[in-house]
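Quick notes on the structure that follows.
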Amino acid sequence: MQRIIKIGKTLRNNWKKSVFGAVVLFYGAATAKEKYEINILMQAACKEAVSYGDSVIPIDRNPTLVTVILNPVANKRKAKKDFEKYCEPLLHLAGLQVDVIQTTSEGHAKEIVETLRGTEAIIVAGGDGTVSETVTGLLRRNDNANRFPLGVLPLGRTNTLGNTLFPGGDGVLRVKQLIQACMAIIENNTTVKNVMKIEPIVNEDEVPSKPVYALTSIEWGAFRDTLAKKDKYWIYGPLREYASYIFNGYKDSLCWNCSGTLRYTPPCSGCSNCLRKKPEIKRKWFFMPSNQAAQETDLTSLQNPECTMTNELCFKTCDFKIKPNVTDGIPILSIGLGKNQYSYIEFVSEGWNRARNGDDLPEVVKARTVELQPLDSNKDLVLAIDQEEFEVSP
């Protein structure tokens, strides 16, 4: 009993050291527990991957060749380490022949994919920017290469598509997400995802630009500009998004005036008019991880008079968004418009609400095609296509 009393007095007399020691002990125990759980997950995943690698293939067939487009600087240069630690071993154990190509600059993924030959599938290891570049490079091709299955390993800081396909998180949940993404590739589970084709409108004397393809959204306005600045407030850690709204909500540098005209055609399930406007190569996109198959339909005999109707909408807002969606089995472009004006308190409150619950703008228009004519042609204005910045233009 006296020994316990003595220990208690020692801890009380050295309370600063005691508190510090307790914090270190708690952190060490939490880290050890996390590593143990990750090891258990990886052991189970490796056993499952080996069962695919041990399967017999025909003697005249080589192992499946997959090409990995890896962005080594994604997620503060952690992407390469995470890929080599959690993803690459599973792919090799499953018997896949893996060819890893690392990107070296912005736009490099597009260049790689535009000339890629001899692979059976492409795996994108990075964030939204790498995925967008890869899809754009593939869909710019006019050969059957754009039928490649495309796997997504969400190794970036922003993984909008990856988080949609596989629920993510931090620590053990992040490793579990990467394992699920790898196993979906190994098991060849696929699902169809819609892609937006974005083409700049140029004058007759200008050289037309190549189209850009987007998987998640086009965003323009004050909320997007605020989120783009959140990394400046890294000192606030997980609260940096909230801090960004506080310190930027009163600034004129944000795009508070998004105004212009929208010309759009209504959604269409498919008709002869849509068929005439499609390119010769029908492009299908398969992302991991469910078992939905694309439906082939003969559209030459279907008529839809409303398909060619053009509607016009003038808008003014500080929050504008277009994203691909599906309604009743029909692919659509969902156009969302926020409020025209926010006070500082309303802006910060709305921003914090979105940080907690996600961005969910009210849908104003459903469309098949959209033409955007901005009212202001200021070159300083930018919008984001799959989190990548582009100059605002028609």
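Chain labels follow the order of the structure tokens: the first chain is A, the next B, and so on; residue numbering restarts at 1 in every chain, and ligands are counted from 1 in their shown order.
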task: Please provide the set of residues having any atom within 9 Å of range 59-76 of chain A, restricted to only C-alpha atoms, with same-chain residues fewer than 6 positions apart removed, written as an MDAnalysis selection string.
output: chainID A and resid 83 95:105 109 112:113 118:127 130 134 151 155:158
Once you have the residues from the selection above, write them out as a short mmCIF file (atom, residue, chain, number, x, y, z; two decimals), in the first residue's frame, restricted to N, CA and C atoms.
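Just written: out14.cif:
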```cif
data_model
loop_
_atom_site.label_atom_id
_atom_site.label_comp_id
_atom_site.auth_asym_id
_atom_site.auth_seq_id
_atom_site.Cartn_x
_atom_site.Cartn_y
_atom_site.Cartn_z
N PHE A 83 1.65 2.86 -52.66
CA PHE A 83 1.44 1.90 -53.76
C PHE A 83 2.36 0.69 -53.59
N GLY A 95 -0.76 -12.78 -59.87
CA GLY A 95 -0.28 -13.29 -61.15
C GLY A 95 -0.34 -12.29 -62.29
N LEU A 96 -0.55 -11.03 -61.99
CA LEU A 96 -0.59 -10.01 -63.04
C LEU A 96 0.83 -9.56 -63.40
N GLN A 97 1.04 -9.28 -64.65
CA GLN A 97 2.30 -8.71 -65.10
C GLN A 97 2.16 -7.19 -65.05
N VAL A 98 2.86 -6.55 -64.14
CA VAL A 98 2.65 -5.13 -63.83
C VAL A 98 3.76 -4.28 -64.43
N ASP A 99 3.36 -3.30 -65.23
CA ASP A 99 4.30 -2.33 -65.80
C ASP A 99 3.97 -0.96 -65.21
N VAL A 100 4.87 -0.43 -64.39
CA VAL A 100 4.64 0.84 -63.69
C VAL A 100 5.32 1.97 -64.45
N ILE A 101 4.54 3.00 -64.81
CA ILE A 101 5.08 4.20 -65.44
C ILE A 101 4.78 5.38 -64.53
N GLN A 102 5.83 6.09 -64.11
CA GLN A 102 5.66 7.23 -63.22
C GLN A 102 5.56 8.52 -64.01
N THR A 103 4.61 9.37 -63.64
CA THR A 103 4.48 10.67 -64.29
C THR A 103 5.54 11.61 -63.72
N THR A 104 5.99 12.53 -64.56
CA THR A 104 7.07 13.45 -64.15
C THR A 104 6.64 14.91 -64.15
N SER A 105 5.47 15.20 -64.74
CA SER A 105 5.02 16.59 -64.81
C SER A 105 3.52 16.63 -65.06
N ALA A 109 0.56 12.24 -67.84
CA ALA A 109 -0.31 11.06 -67.95
C ALA A 109 -1.04 11.03 -69.28
N ILE A 112 1.40 9.85 -71.96
CA ILE A 112 1.68 8.41 -71.84
C ILE A 112 0.56 7.60 -72.46
N VAL A 113 -0.67 7.93 -72.09
CA VAL A 113 -1.83 7.14 -72.50
C VAL A 113 -2.12 7.30 -74.00
N GLY A 118 -0.03 -2.27 -76.27
CA GLY A 118 0.33 -3.59 -75.78
C GLY A 118 -0.16 -3.96 -74.40
N THR A 119 -1.00 -3.14 -73.78
CA THR A 119 -1.49 -3.47 -72.44
C THR A 119 -2.93 -3.97 -72.53
N GLU A 120 -3.37 -4.67 -71.48
CA GLU A 120 -4.74 -5.19 -71.45
C GLU A 120 -5.64 -4.40 -70.52
N ALA A 121 -5.06 -3.60 -69.65
CA ALA A 121 -5.83 -2.76 -68.73
C ALA A 121 -4.91 -1.66 -68.21
N ILE A 122 -5.53 -0.58 -67.77
CA ILE A 122 -4.77 0.56 -67.22
C ILE A 122 -5.24 0.79 -65.79
N ILE A 123 -4.27 1.00 -64.90
CA ILE A 123 -4.57 1.30 -63.51
C ILE A 123 -4.03 2.69 -63.20
N VAL A 124 -4.89 3.56 -62.69
CA VAL A 124 -4.48 4.92 -62.35
C VAL A 124 -4.22 4.98 -60.84
N ALA A 125 -2.98 5.27 -60.48
CA ALA A 125 -2.60 5.36 -59.07
C ALA A 125 -2.29 6.82 -58.76
N GLY A 126 -3.29 7.51 -58.23
CA GLY A 126 -3.13 8.94 -57.95
C GLY A 126 -4.45 9.54 -57.54
N GLY A 127 -4.57 10.84 -57.69
CA GLY A 127 -5.79 11.54 -57.32
C GLY A 127 -6.66 11.90 -58.50
N THR A 130 -4.82 12.96 -61.87
CA THR A 130 -4.23 11.87 -62.65
C THR A 130 -5.30 11.06 -63.37
N THR A 134 -5.69 10.78 -67.47
CA THR A 134 -5.67 9.46 -68.11
C THR A 134 -6.91 9.26 -68.98
N GLY A 151 -8.73 0.78 -64.01
CA GLY A 151 -8.78 0.60 -62.55
C GLY A 151 -8.34 1.87 -61.85
N LEU A 155 -4.95 7.10 -54.46
CA LEU A 155 -3.74 7.40 -53.70
C LEU A 155 -3.48 8.89 -53.56
N GLY A 156 -4.37 9.74 -54.11
CA GLY A 156 -4.16 11.18 -54.03
C GLY A 156 -4.82 11.79 -52.81
N ARG A 157 -4.71 13.12 -52.71
CA ARG A 157 -5.38 13.82 -51.60
C ARG A 157 -6.86 14.00 -51.91
N THR A 158 -7.18 14.27 -53.18
CA THR A 158 -8.59 14.36 -53.58
C THR A 158 -8.90 13.16 -54.46
#
```
message: I'd like the contact shell of Gly171 in chain A - 10 Å cut-off, only C-alpha atoms, skipping same-chain residues fewer than 6 positions apart - returned as an NGL selection string.
response: :A and (31 or 34-35 or 37-38)
Can I get the residues of range 223-257 of chain A within 8 Å of range 313-320 of chain A, each with the closest pair of atoms and their distance in Å to one decimal, using only C-alpha atoms, sorted chain first then ascending number, as JSON lines?
```
{"residue": "A:Phe223", "atom": "CA", "partner": "A:Asp319", "partner_atom": "CA", "distance": 6.5}
{"residue": "A:Arg224", "atom": "CA", "partner": "A:Asp319", "partner_atom": "CA", "distance": 7.8}
{"residue": "A:Cys255", "atom": "CA", "partner": "A:Cys318", "partner_atom": "CA", "distance": 6.6}
{"residue": "A:Trp256", "atom": "CA", "partner": "A:Cys318", "partner_atom": "CA", "distance": 4.7}
{"residue": "A:Asn257", "atom": "CA", "partner": "A:Cys318", "partner_atom": "CA", "distance": 5.3}
```
Those same residues, written as a PDB file, in the first residue's frame with all heavy atoms?
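Okay, result_4.pdb is ready:
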```pdb
ATOM      1  N   PHE A 223     -17.211  29.246 -53.458  1.00  0.00           N
ATOM      2  CA  PHE A 223     -16.967  28.069 -52.625  1.00  0.00           C
ATOM      3  C   PHE A 223     -15.809  27.250 -53.178  1.00  0.00           C
ATOM      4  O   PHE A 223     -14.966  26.755 -52.427  1.00  0.00           O
ATOM      5  CB  PHE A 223     -18.241  27.221 -52.527  1.00  0.00           C
ATOM      6  CG  PHE A 223     -19.299  27.823 -51.647  1.00  0.00           C
ATOM      7  CD1 PHE A 223     -20.298  28.621 -52.183  1.00  0.00           C
ATOM      8  CD2 PHE A 223     -19.297  27.618 -50.280  1.00  0.00           C
ATOM      9  CE1 PHE A 223     -21.271  29.189 -51.380  1.00  0.00           C
ATOM     10  CE2 PHE A 223     -20.269  28.176 -49.452  1.00  0.00           C
ATOM     11  CZ  PHE A 223     -21.258  28.971 -50.007  1.00  0.00           C
ATOM     12  N   ARG A 224     -15.743  27.113 -54.498  1.00  0.00           N
ATOM     13  CA  ARG A 224     -14.638  26.383 -55.107  1.00  0.00           C
ATOM     14  C   ARG A 224     -13.316  27.107 -54.859  1.00  0.00           C
ATOM     15  O   ARG A 224     -12.293  26.487 -54.528  1.00  0.00           O
ATOM     16  CB  ARG A 224     -14.872  26.235 -56.613  1.00  0.00           C
ATOM     17  CG  ARG A 224     -13.845  25.300 -57.285  1.00  0.00           C
ATOM     18  CD  ARG A 224     -13.351  25.821 -58.590  1.00  0.00           C
ATOM     19  NE  ARG A 224     -12.481  26.958 -58.456  1.00  0.00           N
ATOM     20  CZ  ARG A 224     -11.166  26.873 -58.262  1.00  0.00           C
ATOM     21  NH1 ARG A 224     -10.573  25.716 -58.146  1.00  0.00           N
ATOM     22  NH2 ARG A 224     -10.434  27.969 -58.171  1.00  0.00           N
ATOM     23  N   CYS A 255     -14.533  34.504 -56.539  1.00  0.00           N
ATOM     24  CA  CYS A 255     -15.442  34.768 -57.660  1.00  0.00           C
ATOM     25  C   CYS A 255     -16.885  34.812 -57.135  1.00  0.00           C
ATOM     26  O   CYS A 255     -17.559  33.786 -57.054  1.00  0.00           O
ATOM     27  CB  CYS A 255     -15.286  33.689 -58.728  1.00  0.00           C
ATOM     28  SG  CYS A 255     -16.242  34.006 -60.214  1.00  0.00           S
ATOM     29  N   TRP A 256     -17.327  36.022 -56.783  1.00  0.00           N
ATOM     30  CA  TRP A 256     -18.682  36.194 -56.244  1.00  0.00           C
ATOM     31  C   TRP A 256     -19.720  36.380 -57.338  1.00  0.00           C
ATOM     32  O   TRP A 256     -20.913  36.356 -57.058  1.00  0.00           O
ATOM     33  CB  TRP A 256     -18.713  37.392 -55.293  1.00  0.00           C
ATOM     34  CG  TRP A 256     -17.876  37.224 -54.076  1.00  0.00           C
ATOM     35  CD1 TRP A 256     -16.650  37.766 -53.839  1.00  0.00           C
ATOM     36  CD2 TRP A 256     -18.181  36.430 -52.924  1.00  0.00           C
ATOM     37  NE1 TRP A 256     -16.171  37.370 -52.616  1.00  0.00           N
ATOM     38  CE2 TRP A 256     -17.095  36.556 -52.022  1.00  0.00           C
ATOM     39  CE3 TRP A 256     -19.264  35.636 -52.553  1.00  0.00           C
ATOM     40  CZ2 TRP A 256     -17.062  35.918 -50.797  1.00  0.00           C
ATOM     41  CZ3 TRP A 256     -19.235  35.003 -51.324  1.00  0.00           C
ATOM     42  CH2 TRP A 256     -18.151  35.137 -50.457  1.00  0.00           C
ATOM     43  N   ASN A 257     -19.271  36.601 -58.558  1.00  0.00           N
ATOM     44  CA  ASN A 257     -20.208  36.872 -59.654  1.00  0.00           C
ATOM     45  C   ASN A 257     -19.974  35.891 -60.800  1.00  0.00           C
ATOM     46  O   ASN A 257     -19.146  36.119 -61.679  1.00  0.00           O
ATOM     47  CB  ASN A 257     -20.047  38.317 -60.137  1.00  0.00           C
ATOM     48  CG  ASN A 257     -21.017  38.661 -61.255  1.00  0.00           C
ATOM     49  OD1 ASN A 257     -21.999  37.955 -61.473  1.00  0.00           O
ATOM     50  ND2 ASN A 257     -20.735  39.736 -61.974  1.00  0.00           N
TER      51      ASN A 257
END
```
Distance in Å - CA of Arg12 in chain A versus CA of Phe26 in chain A: 19.1 Å
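Taking the backbone of this structure through DSSP, the residues of range 178-248 of chain A that come out as strand (DSSP E) are A:Thr191, A:Val192, A:Met196, A:Lys197, A:Ile198, A:Val212, A:Tyr213, A:Ala214, A:Ile218, A:Glu219, A:Trp220, A:Gly221.
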Keeping only N, CA and C atoms, write the selected residues as a PDB file, in the first residue's frame.
```pdb
ATOM      1  N   THR A 191     -17.866  -1.623 -63.564  1.00  0.00           N
ATOM      2  CA  THR A 191     -19.098  -0.871 -63.616  1.00  0.00           C
ATOM      3  C   THR A 191     -18.923   0.261 -64.622  1.00  0.00           C
ATOM      4  N   VAL A 192     -20.012   0.705 -65.213  1.00  0.00           N
ATOM      5  CA  VAL A 192     -19.949   1.772 -66.211  1.00  0.00           C
ATOM      6  C   VAL A 192     -20.026   3.123 -65.524  1.00  0.00           C
ATOM      7  N   MET A 196     -18.072  13.386 -69.033  1.00  0.00           N
ATOM      8  CA  MET A 196     -18.449  14.619 -69.731  1.00  0.00           C
ATOM      9  C   MET A 196     -17.355  15.000 -70.724  1.00  0.00           C
ATOM     10  N   LYS A 197     -17.769  15.344 -71.933  1.00  0.00           N
ATOM     11  CA  LYS A 197     -16.834  15.834 -72.941  1.00  0.00           C
ATOM     12  C   LYS A 197     -16.942  17.362 -72.983  1.00  0.00           C
ATOM     13  N   ILE A 198     -15.829  18.035 -72.787  1.00  0.00           N
ATOM     14  CA  ILE A 198     -15.814  19.493 -72.687  1.00  0.00           C
ATOM     15  C   ILE A 198     -14.954  20.058 -73.807  1.00  0.00           C
ATOM     16  N   VAL A 212     -11.466  18.119 -73.411  1.00  0.00           N
ATOM     17  CA  VAL A 212     -11.093  17.605 -72.088  1.00  0.00           C
ATOM     18  C   VAL A 212     -12.262  16.759 -71.594  1.00  0.00           C
ATOM     19  N   TYR A 213     -11.972  15.659 -70.923  1.00  0.00           N
ATOM     20  CA  TYR A 213     -13.016  14.767 -70.415  1.00  0.00           C
ATOM     21  C   TYR A 213     -13.001  14.775 -68.897  1.00  0.00           C
ATOM     22  N   ALA A 214     -14.188  14.853 -68.314  1.00  0.00           N
ATOM     23  CA  ALA A 214     -14.313  14.939 -66.854  1.00  0.00           C
ATOM     24  C   ALA A 214     -15.225  13.844 -66.331  1.00  0.00           C
ATOM     25  N   ILE A 218     -17.696  20.028 -63.050  1.00  0.00           N
ATOM     26  CA  ILE A 218     -17.164  21.343 -63.400  1.00  0.00           C
ATOM     27  C   ILE A 218     -17.670  22.289 -62.319  1.00  0.00           C
ATOM     28  N   GLU A 219     -16.767  23.005 -61.652  1.00  0.00           N
ATOM     29  CA  GLU A 219     -17.149  23.887 -60.548  1.00  0.00           C
ATOM     30  C   GLU A 219     -16.605  25.287 -60.774  1.00  0.00           C
ATOM     31  N   TRP A 220     -17.426  26.278 -60.418  1.00  0.00           N
ATOM     32  CA  TRP A 220     -17.065  27.678 -60.627  1.00  0.00           C
ATOM     33  C   TRP A 220     -17.722  28.497 -59.520  1.00  0.00           C
ATOM     34  N   GLY A 221     -16.946  29.358 -58.864  1.00  0.00           N
ATOM     35  CA  GLY A 221     -17.554  30.223 -57.858  1.00  0.00           C
ATOM     36  C   GLY A 221     -16.741  30.355 -56.582  1.00  0.00           C
TER      37      GLY A 221
END
```
message: I need the residues in range 203-279 of chain A that are helix (DSSP H, G or I) according to DSSP; give them as number ranges by chain.
response: A: 222-228, 230-248, 272-277
Please dump the current selection as a compact mmCIF listing (two decimals), in the first residue's frame; keep C-alpha atoms.
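Saved the output as part-v2.txt:
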```
# COMPACT_ATOMS: atom_id res chain seq x y z
CA ALA A 222 -16.61 31.44 -54.39
CA PHE A 223 -16.97 28.07 -52.62
CA ARG A 224 -14.64 26.38 -55.11
CA ASP A 225 -12.10 29.21 -54.79
CA THR A 226 -12.19 28.92 -50.99
CA LEU A 227 -11.55 25.17 -51.06
CA ALA A 228 -8.64 25.71 -53.46
CA LYS A 230 -7.41 25.48 -47.84
CA ASP A 231 -3.89 24.04 -48.00
CA LYS A 232 -2.52 27.48 -47.06
CA TYR A 233 -3.96 26.85 -43.61
CA TRP A 234 -2.16 23.55 -43.02
CA ILE A 235 -1.26 24.66 -39.52
CA TYR A 236 -4.90 24.04 -38.51
CA GLY A 237 -4.62 20.36 -39.48
CA PRO A 238 -8.00 18.69 -40.02
CA LEU A 239 -9.73 22.05 -39.41
CA ARG A 240 -8.01 23.82 -42.34
CA GLU A 241 -11.17 23.67 -44.49
CA TYR A 242 -13.14 25.45 -41.77
CA ALA A 243 -10.33 28.00 -41.35
CA SER A 244 -10.32 28.66 -45.10
CA TYR A 245 -13.96 29.78 -44.98
CA ILE A 246 -13.27 32.05 -41.99
CA PHE A 247 -10.25 33.80 -43.51
CA ASN A 248 -11.55 34.06 -47.09
CA SER A 272 -31.39 8.55 -84.15
CA ASN A 273 -30.42 12.20 -83.54
CA CYS A 274 -28.04 11.25 -80.71
CA LEU A 275 -26.56 8.52 -82.89
CA ARG A 276 -25.73 10.98 -85.68
CA LYS A 277 -23.75 13.12 -83.29
```
